[in-house]
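Text of entry00.cif (mmCIF, C-alpha atoms and all ligand atoms) as supplied:
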data_start
loop_
_atom_site.label_atom_id
_atom_site.label_comp_id
_atom_site.auth_asym_id
_atom_site.auth_seq_id
_atom_site.Cartn_x
_atom_site.Cartn_y
_atom_site.Cartn_z
CA MET A 1236 -6.04 39.71 13.62
CA LYS A 1237 -7.67 37.23 15.94
CA LEU A 1238 -5.21 34.62 17.16
CA LEU A 1239 -5.44 31.31 19.00
CA LEU A 1240 -2.36 29.97 20.79
CA VAL A 1241 -2.47 26.30 21.76
CA GLY A 1242 -0.62 25.31 24.96
CA GLY A 1243 -0.13 26.52 28.50
CA GLY A 1244 3.53 26.48 29.56
CA GLY A 1245 6.30 29.01 30.05
CA ARG A 1246 7.17 28.81 26.36
CA GLU A 1247 3.57 29.69 25.46
CA HIS A 1248 3.61 32.65 27.88
CA ALA A 1249 6.71 33.98 26.07
CA ILE A 1250 5.07 33.35 22.67
CA ALA A 1251 1.87 35.06 23.88
CA GLN A 1252 3.90 38.09 24.99
CA ALA A 1253 5.54 38.33 21.54
CA LEU A 1254 2.16 37.96 19.82
CA VAL A 1255 0.44 40.69 21.84
CA LYS A 1256 3.39 42.99 21.15
CA SER A 1257 2.53 42.86 17.45
CA PRO A 1258 0.40 45.80 16.30
CA ARG A 1259 -1.42 43.27 14.10
CA THR A 1260 -2.96 41.46 17.08
CA GLU A 1261 -6.51 42.52 17.95
CA LYS A 1262 -7.38 39.62 20.19
CA LEU A 1263 -5.46 36.63 21.53
CA TYR A 1264 -7.05 33.46 22.88
CA CYS A 1265 -5.03 30.71 24.51
CA ALA A 1266 -6.11 27.10 25.08
CA PRO A 1267 -5.75 26.14 27.84
CA GLY A 1268 -3.24 28.85 28.95
CA ASN A 1269 -2.33 29.45 32.59
CA ALA A 1270 -2.67 32.14 35.25
CA GLY A 1271 0.10 34.28 33.74
CA ILE A 1272 -1.10 34.02 30.15
CA ALA A 1273 -4.57 35.00 31.43
CA GLN A 1274 -3.21 38.51 32.10
CA ILE A 1275 -2.55 39.12 28.39
CA ALA A 1276 -4.91 36.72 26.61
CA GLU A 1277 -8.34 35.17 27.07
CA CYS A 1278 -7.82 31.60 28.22
CA VAL A 1279 -10.27 28.91 27.15
CA PRO A 1280 -10.49 25.53 28.90
CA ILE A 1281 -9.73 23.26 25.93
CA GLY A 1282 -6.88 20.75 26.07
CA VAL A 1283 -4.09 20.71 23.48
CA MET A 1284 -5.11 17.25 22.22
CA GLU A 1285 -8.81 18.10 21.80
CA PHE A 1286 -8.48 18.88 18.10
CA ASP A 1287 -12.21 18.82 17.32
CA LYS A 1288 -13.01 21.28 20.11
CA LEU A 1289 -10.11 23.54 19.13
CA ILE A 1290 -11.23 23.56 15.49
CA ALA A 1291 -14.84 24.29 16.47
CA PHE A 1292 -13.63 27.15 18.69
CA ALA A 1293 -11.42 28.60 15.92
CA LYS A 1294 -14.37 28.54 13.53
CA GLU A 1295 -16.80 30.04 16.01
CA LYS A 1296 -14.46 32.93 16.90
CA GLU A 1297 -13.30 33.41 13.30
CA ILE A 1298 -9.66 32.98 14.25
CA ASP A 1299 -7.26 34.24 11.55
CA LEU A 1300 -4.22 32.30 12.74
CA THR A 1301 -3.67 29.45 15.19
CA VAL A 1302 -0.18 28.91 16.62
CA VAL A 1303 1.01 25.54 17.96
CA SER A 1304 4.46 24.88 19.44
CA GLN A 1305 4.05 21.79 21.60
CA ASP A 1306 5.36 18.37 20.53
CA ASP A 1307 2.40 16.11 21.41
CA PRO A 1308 -0.29 17.85 19.33
CA LEU A 1309 2.16 18.52 16.47
CA CYS A 1310 3.30 14.89 16.28
CA ALA A 1311 -0.36 13.78 16.49
CA GLY A 1312 -1.28 15.92 13.45
CA ILE A 1313 -2.96 19.06 14.79
CA VAL A 1314 -1.67 21.11 11.85
CA ASP A 1315 -3.05 18.61 9.33
CA ALA A 1316 -6.42 18.65 11.15
CA PHE A 1317 -6.64 22.47 11.11
CA GLU A 1318 -5.61 22.63 7.45
CA ALA A 1319 -8.19 20.00 6.53
CA ALA A 1320 -10.79 22.23 8.20
CA GLY A 1321 -9.63 25.17 6.07
CA LEU A 1322 -8.02 27.04 8.97
CA ALA A 1323 -4.70 28.93 8.91
CA VAL A 1324 -2.22 27.40 11.35
CA PHE A 1325 1.46 27.89 12.19
CA GLY A 1326 3.24 24.68 13.12
CA THR A 1327 4.70 21.52 11.63
CA ARG A 1328 2.66 18.89 9.78
CA LYS A 1329 2.63 15.37 11.17
CA ASN A 1330 4.85 13.87 8.47
CA ALA A 1331 7.61 16.40 9.26
CA ALA A 1332 7.06 16.51 13.06
CA ILE A 1333 8.44 12.96 13.03
CA ILE A 1334 11.87 14.62 13.13
CA GLU A 1335 11.18 15.01 16.87
CA GLY A 1336 8.61 12.24 17.32
CA SER A 1337 11.01 9.47 16.29
CA LYS A 1338 14.67 9.65 17.24
CA ALA A 1339 15.20 6.55 15.07
CA PHE A 1340 13.88 8.56 12.08
CA SER A 1341 16.07 11.58 12.82
CA LYS A 1342 19.22 9.48 13.28
CA GLN A 1343 18.60 7.68 9.97
CA LEU A 1344 17.96 11.03 8.27
CA MET A 1345 21.28 12.41 9.52
CA LYS A 1346 23.15 9.28 8.47
CA LYS A 1347 21.58 9.28 4.99
CA TYR A 1348 22.35 12.95 4.33
CA GLY A 1349 25.76 13.14 6.05
CA ILE A 1350 24.72 15.48 8.88
CA PRO A 1351 27.16 15.21 11.82
CA THR A 1352 25.74 13.38 14.86
CA ALA A 1353 26.79 10.72 17.39
CA ALA A 1354 27.37 7.19 16.02
CA TYR A 1355 24.39 4.94 16.84
CA GLU A 1356 22.45 1.72 16.38
CA ILE A 1357 18.66 1.20 16.51
CA PHE A 1358 16.97 -1.79 18.20
CA THR A 1359 13.43 -3.14 18.43
CA ASP A 1360 14.46 -6.35 20.21
CA PRO A 1361 15.78 -6.10 23.80
CA ASP A 1362 17.99 -9.19 23.42
CA ALA A 1363 19.72 -7.69 20.39
CA ALA A 1364 20.22 -4.44 22.32
CA LEU A 1365 21.70 -6.34 25.29
CA ALA A 1366 24.05 -8.25 22.97
CA TYR A 1367 25.19 -4.97 21.40
CA LEU A 1368 26.07 -3.58 24.84
CA GLU A 1369 28.82 -6.22 25.05
CA THR A 1370 30.61 -4.45 22.19
CA CYS A 1371 30.19 -0.80 23.35
CA SER A 1372 32.65 1.47 25.08
CA TYR A 1373 31.29 3.38 28.08
CA PRO A 1374 29.63 5.72 28.90
CA VAL A 1375 26.91 5.03 26.36
CA VAL A 1376 23.61 6.84 25.76
CA LEU A 1377 20.22 5.07 25.58
CA LYS A 1378 17.29 6.92 24.04
CA ALA A 1379 13.67 5.85 23.86
CA SER A 1380 12.84 6.73 20.27
CA GLY A 1381 9.42 8.30 20.89
CA LEU A 1382 8.22 11.33 22.88
CA ALA A 1383 8.98 11.05 26.61
CA LEU A 1384 8.78 14.62 27.98
CA GLY A 1385 12.56 15.01 27.67
CA LYS A 1386 13.05 12.16 30.14
CA GLY A 1387 13.66 9.21 27.80
CA VAL A 1388 17.45 9.62 27.64
CA LEU A 1389 19.75 7.65 29.94
CA ILE A 1390 23.49 8.24 30.13
CA CYS A 1391 24.98 4.97 31.40
CA GLY A 1392 28.49 4.89 32.84
CA THR A 1393 28.78 1.09 32.95
CA LYS A 1394 27.53 -1.96 31.08
CA GLU A 1395 25.44 -2.99 34.11
CA GLU A 1396 23.68 0.39 34.17
CA ALA A 1397 23.03 0.14 30.44
CA GLN A 1398 21.62 -3.38 30.78
CA ALA A 1399 19.25 -2.11 33.48
CA GLY A 1400 18.34 0.81 31.20
CA VAL A 1401 17.48 -1.46 28.27
CA ARG A 1402 15.18 -3.49 30.53
CA GLU A 1403 13.55 -0.34 31.94
CA ILE A 1404 12.86 1.18 28.52
CA MET A 1405 12.13 -1.90 26.39
CA THR A 1406 10.88 -4.63 28.74
CA GLU A 1407 9.27 -2.70 31.62
CA ARG A 1408 8.21 0.02 29.16
CA LYS A 1409 8.85 2.89 31.58
CA PHE A 1410 8.13 5.39 28.77
CA GLY A 1411 5.34 3.31 27.21
CA SER A 1412 5.38 2.91 23.42
CA ALA A 1413 8.12 5.60 23.19
CA GLY A 1414 10.48 2.73 24.09
CA ASP A 1415 9.35 0.29 21.37
CA GLU A 1416 12.43 1.40 19.47
CA LEU A 1417 15.67 2.14 21.26
CA VAL A 1418 18.58 4.21 19.99
CA ILE A 1419 21.95 3.38 21.53
CA GLU A 1420 24.49 6.06 20.76
CA GLU A 1421 28.01 7.19 21.37
CA PHE A 1422 28.51 9.51 24.36
CA MET A 1423 29.70 12.94 23.24
CA GLN A 1424 31.48 15.54 25.31
CA GLY A 1425 31.32 19.27 24.87
CA ARG A 1426 29.18 22.32 25.45
CA GLU A 1427 25.53 22.29 24.39
CA VAL A 1428 23.93 25.06 22.36
CA SER A 1429 20.31 25.39 21.25
CA VAL A 1430 19.66 27.00 17.90
CA LEU A 1431 16.04 27.72 16.98
CA ALA A 1432 15.12 28.50 13.41
CA PHE A 1433 12.05 29.43 11.39
CA VAL A 1434 11.57 27.24 8.33
CA ASP A 1435 9.14 27.63 5.41
CA GLY A 1436 9.61 24.28 3.68
CA SER A 1437 12.73 25.31 1.81
CA HIS A 1438 14.25 28.44 3.43
CA ILE A 1439 15.61 28.73 6.95
CA ALA A 1440 16.05 31.83 9.15
CA LEU A 1441 18.10 31.31 12.30
CA MET A 1442 17.17 32.92 15.58
CA THR A 1443 19.75 33.95 18.17
CA THR A 1444 21.46 31.14 20.14
CA SER A 1445 20.85 30.01 23.71
CA GLN A 1446 21.94 27.39 26.21
CA ASP A 1447 19.70 25.32 28.47
CA HIS A 1448 20.62 23.69 31.80
CA LYS A 1449 18.85 20.33 31.79
CA ARG A 1450 19.90 18.70 35.07
CA ILE A 1451 17.99 19.42 38.29
CA GLY A 1452 21.03 20.11 40.50
CA ASP A 1453 23.76 22.76 40.60
CA ASN A 1454 26.90 21.87 38.61
CA ASP A 1455 24.83 19.66 36.31
CA THR A 1456 24.06 16.96 38.84
CA GLY A 1457 20.98 14.79 39.35
CA LEU A 1458 18.14 13.89 37.03
CA ASN A 1459 17.35 15.42 33.66
CA THR A 1460 14.44 17.88 33.63
CA GLY A 1461 12.58 19.85 30.98
CA GLY A 1462 15.14 22.64 31.58
CA MET A 1463 16.05 24.65 34.71
CA GLY A 1464 17.30 27.85 33.13
CA THR A 1465 18.76 29.41 30.01
CA PHE A 1466 20.92 32.23 28.73
CA SER A 1467 21.05 33.89 25.32
CA PRO A 1468 23.14 34.40 23.27
CA SER A 1469 25.68 31.63 23.77
CA PRO A 1470 29.19 33.15 23.69
CA PHE A 1471 30.55 29.67 23.00
CA TYR A 1472 28.90 29.64 19.58
CA THR A 1473 31.65 31.42 17.65
CA PRO A 1474 31.51 32.68 14.04
CA GLU A 1475 33.70 29.67 13.08
CA ILE A 1476 31.19 27.24 14.59
CA ASP A 1477 28.34 29.13 12.93
CA ALA A 1478 30.04 28.75 9.54
CA ILE A 1479 30.46 24.98 10.02
CA CYS A 1480 26.84 24.55 11.11
CA LYS A 1481 25.62 26.57 8.13
CA GLU A 1482 27.61 24.35 5.80
CA GLN A 1483 26.96 20.97 7.42
CA ILE A 1484 23.73 21.10 9.41
CA TYR A 1485 21.01 23.75 8.98
CA GLN A 1486 20.11 24.02 5.30
CA LYS A 1487 21.13 20.39 4.81
CA THR A 1488 18.45 19.30 7.29
CA VAL A 1489 15.76 21.40 5.60
CA ASP A 1490 16.77 20.05 2.18
CA ALA A 1491 16.85 16.48 3.52
CA MET A 1492 13.29 16.78 4.83
CA ALA A 1493 12.08 18.20 1.52
CA ALA A 1494 13.87 15.41 -0.39
CA GLU A 1495 12.14 12.84 1.82
CA GLY A 1496 8.74 14.27 0.83
CA ARG A 1497 8.33 15.74 4.33
CA PRO A 1498 8.82 19.48 3.81
CA PHE A 1499 9.37 21.16 7.18
CA THR A 1500 7.39 24.28 8.09
CA GLY A 1501 7.45 25.86 11.53
CA VAL A 1502 10.15 26.16 14.16
CA LEU A 1503 13.02 23.71 13.93
CA TYR A 1504 15.12 23.34 17.07
CA PHE A 1505 18.71 22.15 16.67
CA GLY A 1506 20.18 20.77 19.91
CA LEU A 1507 23.92 20.90 19.21
CA MET A 1508 26.96 19.56 21.04
CA LEU A 1509 30.16 21.47 20.35
CA THR A 1510 32.64 18.56 20.42
CA LYS A 1511 36.38 18.67 19.77
CA ASP A 1512 35.61 17.15 16.37
CA GLY A 1513 33.20 19.97 15.53
CA PRO A 1514 29.50 20.64 16.15
CA LYS A 1515 27.18 17.62 16.09
CA VAL A 1516 23.39 17.31 16.35
CA LEU A 1517 22.16 15.91 19.69
CA GLU A 1518 18.50 16.16 18.80
CA TYR A 1519 15.94 17.95 16.69
CA ASN A 1520 12.67 19.34 18.03
CA THR A 1521 9.76 20.50 15.96
CA ARG A 1522 8.94 23.56 18.03
CA PHE A 1523 10.29 26.40 20.17
CA GLY A 1524 12.37 25.16 23.12
CA ASP A 1525 11.25 25.54 26.70
CA PRO A 1526 12.85 27.49 28.46
CA GLU A 1527 14.93 28.69 25.46
CA THR A 1528 11.95 30.69 24.13
CA GLN A 1529 11.85 32.68 27.37
CA VAL A 1530 15.29 34.17 26.55
CA VAL A 1531 15.07 34.23 22.74
CA LEU A 1532 11.72 35.88 21.97
CA PRO A 1533 12.13 38.83 24.37
CA ARG A 1534 15.23 39.70 22.27
CA MET A 1535 13.52 39.44 18.88
CA LYS A 1536 12.88 42.71 17.04
CA THR A 1537 10.99 41.35 14.02
CA ASP A 1538 7.22 41.01 14.27
CA LEU A 1539 6.48 37.38 15.16
CA ILE A 1540 3.25 37.27 13.12
CA ASP A 1541 5.06 38.50 9.99
CA VAL A 1542 7.64 35.72 10.36
CA MET A 1543 5.04 33.03 10.98
CA GLU A 1544 3.05 34.08 7.93
CA ALA A 1545 6.22 34.01 5.81
CA CYS A 1546 6.82 30.44 6.97
CA MET A 1547 3.31 29.46 5.91
CA ASN A 1548 3.58 31.27 2.54
CA GLY A 1549 7.07 30.05 1.61
CA THR A 1550 8.44 33.62 1.63
CA LEU A 1551 10.85 33.45 4.55
CA ASP A 1552 13.73 34.54 2.29
CA ARG A 1553 12.08 37.99 2.16
CA ILE A 1554 12.17 38.41 5.96
CA ASP A 1555 15.11 40.10 7.66
CA LEU A 1556 15.04 38.41 11.05
CA GLU A 1557 16.54 40.75 13.65
CA PHE A 1558 17.45 40.46 17.32
CA GLU A 1559 18.49 43.12 19.83
CA ASP A 1560 22.19 43.37 20.56
CA ASN A 1561 21.62 42.48 24.23
CA ALA A 1562 21.37 39.39 26.43
CA ALA A 1563 18.83 37.51 28.54
CA VAL A 1564 18.92 34.98 31.37
CA CYS A 1565 16.01 32.87 32.63
CA VAL A 1566 15.97 31.12 36.02
CA ILE A 1567 13.26 28.50 36.55
CA LEU A 1568 11.48 28.28 39.90
CA ALA A 1569 10.29 24.68 40.31
CA SER A 1570 8.20 22.80 42.86
CA GLY A 1571 10.31 21.07 45.52
CA GLY A 1572 10.76 17.42 44.51
CA TYR A 1573 10.55 18.00 40.72
CA PRO A 1574 11.29 16.13 38.42
CA GLU A 1575 10.01 13.35 40.68
CA HIS A 1576 7.15 13.67 43.15
CA TYR A 1577 6.06 17.20 44.09
CA GLU A 1578 3.02 18.91 45.59
CA LYS A 1579 0.72 21.36 43.84
CA GLY A 1580 -1.58 24.11 45.04
CA LYS A 1581 1.04 26.30 46.79
CA LYS A 1582 0.16 29.98 46.90
CA ILE A 1583 2.56 32.19 44.90
CA THR A 1584 3.36 35.65 46.27
CA GLY A 1585 5.26 38.66 44.90
CA LEU A 1586 4.18 38.45 41.25
CA GLU A 1587 2.98 42.08 41.16
CA LYS A 1588 6.54 43.41 41.42
CA PHE A 1589 7.08 42.42 37.77
CA ASP A 1590 4.42 44.92 36.68
CA GLU A 1591 6.64 47.76 37.91
CA VAL A 1592 9.73 47.01 35.80
CA ASP A 1593 10.32 46.60 32.09
CA ASP A 1594 13.56 44.61 32.05
CA CYS A 1595 12.25 41.50 33.86
CA PHE A 1596 9.44 39.11 32.99
CA CYS A 1597 7.90 36.37 35.05
CA PHE A 1598 6.75 33.71 32.59
CA HIS A 1599 4.24 31.31 34.12
CA ALA A 1600 4.60 27.59 33.41
CA GLY A 1601 2.71 25.54 36.01
CA THR A 1602 0.30 28.03 37.60
CA LYS A 1603 -3.45 28.37 37.92
CA PHE A 1604 -6.07 30.38 39.75
CA ALA A 1605 -7.34 28.96 43.04
CA GLU A 1606 -11.04 29.32 43.89
CA ASP A 1607 -10.32 32.44 45.98
CA GLY A 1608 -8.67 34.09 42.95
CA SER A 1609 -5.10 33.73 44.20
CA ILE A 1610 -2.44 32.18 41.95
CA VAL A 1611 -1.14 28.75 42.96
CA THR A 1612 1.35 26.21 41.64
CA SER A 1613 0.01 23.50 39.33
CA GLY A 1614 3.09 21.84 37.85
CA GLY A 1615 6.75 20.90 38.26
CA ARG A 1616 8.25 23.91 36.59
CA VAL A 1617 6.25 26.84 37.95
CA LEU A 1618 7.78 30.16 36.86
CA GLY A 1619 10.56 31.32 34.54
CA VAL A 1620 12.07 34.59 35.69
CA THR A 1621 13.77 36.29 32.73
CA ALA A 1622 15.90 39.43 32.83
CA VAL A 1623 17.14 41.32 29.79
CA ALA A 1624 20.27 43.52 30.00
CA ASP A 1625 23.11 44.82 27.86
CA THR A 1626 25.40 41.95 28.82
CA LEU A 1627 25.03 38.31 29.88
CA ILE A 1628 26.66 38.97 33.24
CA GLY A 1629 24.28 41.90 33.82
CA ALA A 1630 21.25 39.83 32.81
CA ARG A 1631 22.27 37.01 35.13
CA ALA A 1632 22.70 39.34 38.12
CA ARG A 1633 19.31 40.93 37.45
CA ALA A 1634 17.55 37.56 36.97
CA TYR A 1635 18.85 36.31 40.31
CA GLU A 1636 17.71 39.58 41.91
CA ALA A 1637 14.25 39.31 40.38
CA VAL A 1638 13.80 35.66 41.33
CA GLN A 1639 13.90 36.80 44.98
CA TRP A 1640 10.73 38.85 44.46
CA VAL A 1641 8.50 35.81 44.11
CA THR A 1642 8.10 32.73 46.23
CA PHE A 1643 5.94 29.79 47.20
CA ASP A 1644 6.23 26.96 49.68
CA GLY A 1645 9.00 24.57 48.60
CA ALA A 1646 10.26 26.70 45.69
CA TYR A 1647 13.46 25.29 44.20
CA MET A 1648 15.93 26.78 41.74
CA ARG A 1649 19.45 26.23 40.50
CA HIS A 1650 21.97 28.82 41.61
CA ASP A 1651 24.42 28.38 38.77
CA ILE A 1652 22.47 29.29 35.64
CA GLY A 1653 25.03 30.91 33.36
CA SER A 1654 27.96 30.12 35.67
CA ALA A 1655 29.92 28.99 32.60
CA LEU A 1656 29.94 32.65 31.55
CA ASP A 1657 32.57 33.30 34.22
CA LYS A 1658 34.98 31.05 32.38
CA ILE A 1659 35.18 33.12 29.19
P1 LIG A 1701 18.04 14.73 23.93
O1 LIG A 1701 16.61 14.65 24.40
O2 LIG A 1701 18.37 13.77 22.85
O3 LIG A 1701 18.50 16.12 23.67
O4 LIG A 1701 18.91 14.33 25.21
C1 LIG A 1701 18.75 15.00 26.45
C2 LIG A 1701 20.10 15.39 27.00
O5 LIG A 1701 20.91 14.23 27.18
C3 LIG A 1701 20.91 16.28 26.06
O6 LIG A 1701 20.58 17.62 26.19
C4 LIG A 1701 22.32 15.99 26.53
O7 LIG A 1701 22.62 16.70 27.70
C5 LIG A 1701 22.26 14.51 26.88
N1 LIG A 1701 22.67 13.70 25.71
C6 LIG A 1701 21.88 13.23 24.73
N2 LIG A 1701 22.58 12.55 23.81
C7 LIG A 1701 23.87 12.57 24.23
C8 LIG A 1701 25.09 12.05 23.70
N3 LIG A 1701 25.12 11.32 22.59
N4 LIG A 1701 26.21 12.29 24.40
C9 LIG A 1701 26.20 13.01 25.55
N5 LIG A 1701 25.08 13.53 26.09
C10 LIG A 1701 23.92 13.31 25.45
N1 LIG A 1702 14.76 22.85 26.55
C1 LIG A 1702 14.73 21.65 25.81
C2 LIG A 1702 13.55 21.49 24.94
O1 LIG A 1702 12.74 22.36 24.77
O2 LIG A 1702 13.42 20.41 24.38
#

Turn the structure described in the file into structure tokens.
Amino acid sequence: MKLLLVGGGGREHAIAQALVKSPRTEKLYCAPGNAGIAQIAECVPIGVMEFDKLIAFAKEKEIDLTVVSQDDPLCAGIVDAFEAAGLAVFGTRKNAAIIEGSKAFSKQLMKKYGIPTAAYEIFTDPDAALAYLETCSYPVVLKASGLALGKGVLICGTKEEAQAGVREIMTERKFGSAGDELVIEEFMQGREVSVLAFVDGSHIALMTTSQDHKRIGDNDTGLNTGGMGTFSPSPFYTPEIDAICKEQIYQKTVDAMAAEGRPFTGVLYFGLMLTKDGPKVLEYNTRFGDPETQVVLPRMKTDLIDVMEACMNGTLDRIDLEFEDNAAVCVILASGGYPEHYEKGKKITGLEKFDEVDDCFCFHAGTKFAEDGSIVTSGGRVLGVTAVADTLIGARARAYEAVQWVTFDGAYMRHDIGSALDKI
């Protein structure tokens, strides 16, 4: 088959690796890709929001399947556009991608169908939001309803902080139109787990679990980022928790979307908080997580193309989704200064060492080729170094060994990815 993958981050590098592993893949294109993806696919300089150009390319190259797993194009209707052009595409249609695109929608969905989540209120008027803050207990969580690159969530310890947050999001419009609606919700405490699942409109097949580390600093300090590292599986996700989630969350969400006339097809990401009152949904995403994918897909045994086709054909119940009985840890190497100001164009050295081993992968996120052919940084999160081993502790040790092989000027990483594993 000829495939086109849309996107160019670490998640897409991991998806590309799983796609080229399939014996069904003859040729993989990636738009726009990055310097790492270019080693296993042909990258084409088309942006993820350039739907007309992507469709023209897919027609010209007679692409059999296009794969999209990035929120912006999905929420803007890339799947609908490809389908209207008669092209096969894996991803979520616009009317279902709203489950990520509007937190107000997803909260109302959960309330309507009795899916456990934090208590909340929705506001479109800043004065009403400010008045509500007088009645809240603290900390409280403010969320810009729309897409904000994972940065539109503020955890406010005091009323004063929350008042400033409401002004930032709604009045100063720090996240643009994403802040036209504001969700104010109860602060929950507990361990986070990410559960990714394939969905075909009515059936759901769960992938293995993982845990992300969202804050920039060690011991979960500092600003929220897109994710600084992951491990999989999560040992905190017990069979008891799994049973509760299966009863109260997963299939119920898929059925709720179908009942709303928004059948969900693609990858549904459940961000869960394991609270003392049971698991609750923090957020839904309409795509593979980043950097969760970098620890989940290297452990998947089932052919990714077979699963994607089953999602598109409504036959996911006939797929036996299997994962290796092993573990993986991913450590992100970021540009110094991320998630605020950082410099680009730093030369990356040591990448070739990954060609010599088969238990470690260096997934590229923000990289590109310089004019002299060398590979340089081009984003905040630059590389995701993943190690696979028999155990989580073994995978973590190997990932921290492998991350020493590569470097660039100002490289920054967290040193405590998976440190919670020591407590079990
Ligand atoms: P979200 O984009 O909704 O997943 O929020 C980003 C991060 O903020 C989550 O991964 C949590 O770490 C934190 N967060 C979001 N909502 C809450 C909540 N209600 N209580 C505590 N932490 C939260
Ligand atoms: N790692 C969080 C996300 O993909 O949204």

* Quick one: residues within 10 Å of (0.6, 40.8, 19.4) (file frame), counting only C-alpha atoms, please, as a ChimeraX atom specification. => /A:1236-1238,1250-1263,1275-1276,1538-1540

* Which protein, DNA or RNA residues have an atom within 8 Å of ligand LIG 1702 (chain A), counting only C-alpha atoms and all ligand atoms, as a PyMOL selection string? -> chain A and resi 1385+1447-1449+1461-1462+1520+1522-1527

With all atoms of ligand LIG 1701 (chain A) from the file as input, state the centre and edge lengths in Å to one decimal of the axis-aligned box that has 8 Å extra on each side, as lines of an AutoDock Vina configuration file.
center_x = 21.4
center_y = 14.5
center_z = 25.1
size_x = 25.6
size_y = 22.3
size_z = 21.1

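Here CA of Ala1493 in chain A and CA of Phe1325 in chain A stand 17.9 Å from one another.
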
With all atoms listed in the file counted and 6 Å as the cut-off, give the residues of chain A in contact with ligand LIG 1701 (chain A), each with its shortest interatomic distance in Å and the pair that gives it, as a tab-separated table.
residue	atom	partner	partner_atom	distance
A:Ala1353	CA	A:LIG1701	N3	5.5
A:Val1376	CA	A:LIG1701	N3	5.7
A:Gly1385	CA	A:LIG1701	O1	5.2
A:Val1388	CA	A:LIG1701	O4	5.5
A:Glu1420	CA	A:LIG1701	N3	5.6
A:Glu1421	CA	A:LIG1701	N3	5.2
A:Phe1422	CA	A:LIG1701	N4	3.6
A:Met1423	CA	A:LIG1701	N4	3.7
A:Gln1424	CA	A:LIG1701	C9	5.9
A:Leu1517	CA	A:LIG1701	N2	5.3
A:Glu1518	CA	A:LIG1701	O2	4.7

Residues of the last selection are to be written out with C-alpha atoms, as a short mmCIF file (atom, residue, chain, number, x, y, z; two decimals), keeping the file's coordinate frame.
data_model
loop_
_atom_site.label_atom_id
_atom_site.label_comp_id
_atom_site.auth_asym_id
_atom_site.auth_seq_id
_atom_site.Cartn_x
_atom_site.Cartn_y
_atom_site.Cartn_z
CA ALA A 1353 26.79 10.72 17.39
CA VAL A 1376 23.61 6.84 25.76
CA GLY A 1385 12.56 15.01 27.67
CA VAL A 1388 17.45 9.62 27.64
CA GLU A 1420 24.49 6.06 20.76
CA GLU A 1421 28.01 7.19 21.37
CA PHE A 1422 28.51 9.51 24.36
CA MET A 1423 29.70 12.94 23.24
CA GLN A 1424 31.48 15.54 25.31
CA LEU A 1517 22.16 15.91 19.69
CA GLU A 1518 18.50 16.16 18.80
#

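With distances taken over all atoms listed in the file, A:Thr1465 is the one residue among A:Gln1305, A:Ser1437, A:Ser1429, A:Thr1465 lying closest to Ala1634 in chain A.
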
* Nearest to Arg1246 in chain A, chosen from A:Thr1359, A:Thr1528, A:Thr1537, A:Thr1393, with only C-alpha atoms counted in the distances -> A:Thr1528

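In terms of minimum interatomic distance to Leu1532 in chain A, A:Thr1621 ranks closest within A:Thr1612, A:Thr1352, A:Thr1621, A:Thr1510, counting only C-alpha atoms.
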
* **Thr1488 in chain A environment, 9 Å, all atoms listed in the file, sequence neighbours closer than 3 positions dropped, as an MDAnalysis selection string** => chainID A and resid 1344:1345 1348 1350 1483:1485 1491:1493

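Here CA of Ala1655 in chain A stands at a distance of 10.9 Å from CA of Leu1627 in chain A.
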
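Between CA of Gln1529 in chain A and CA of Asp1435 in chain A the separation is 22.7 Å.
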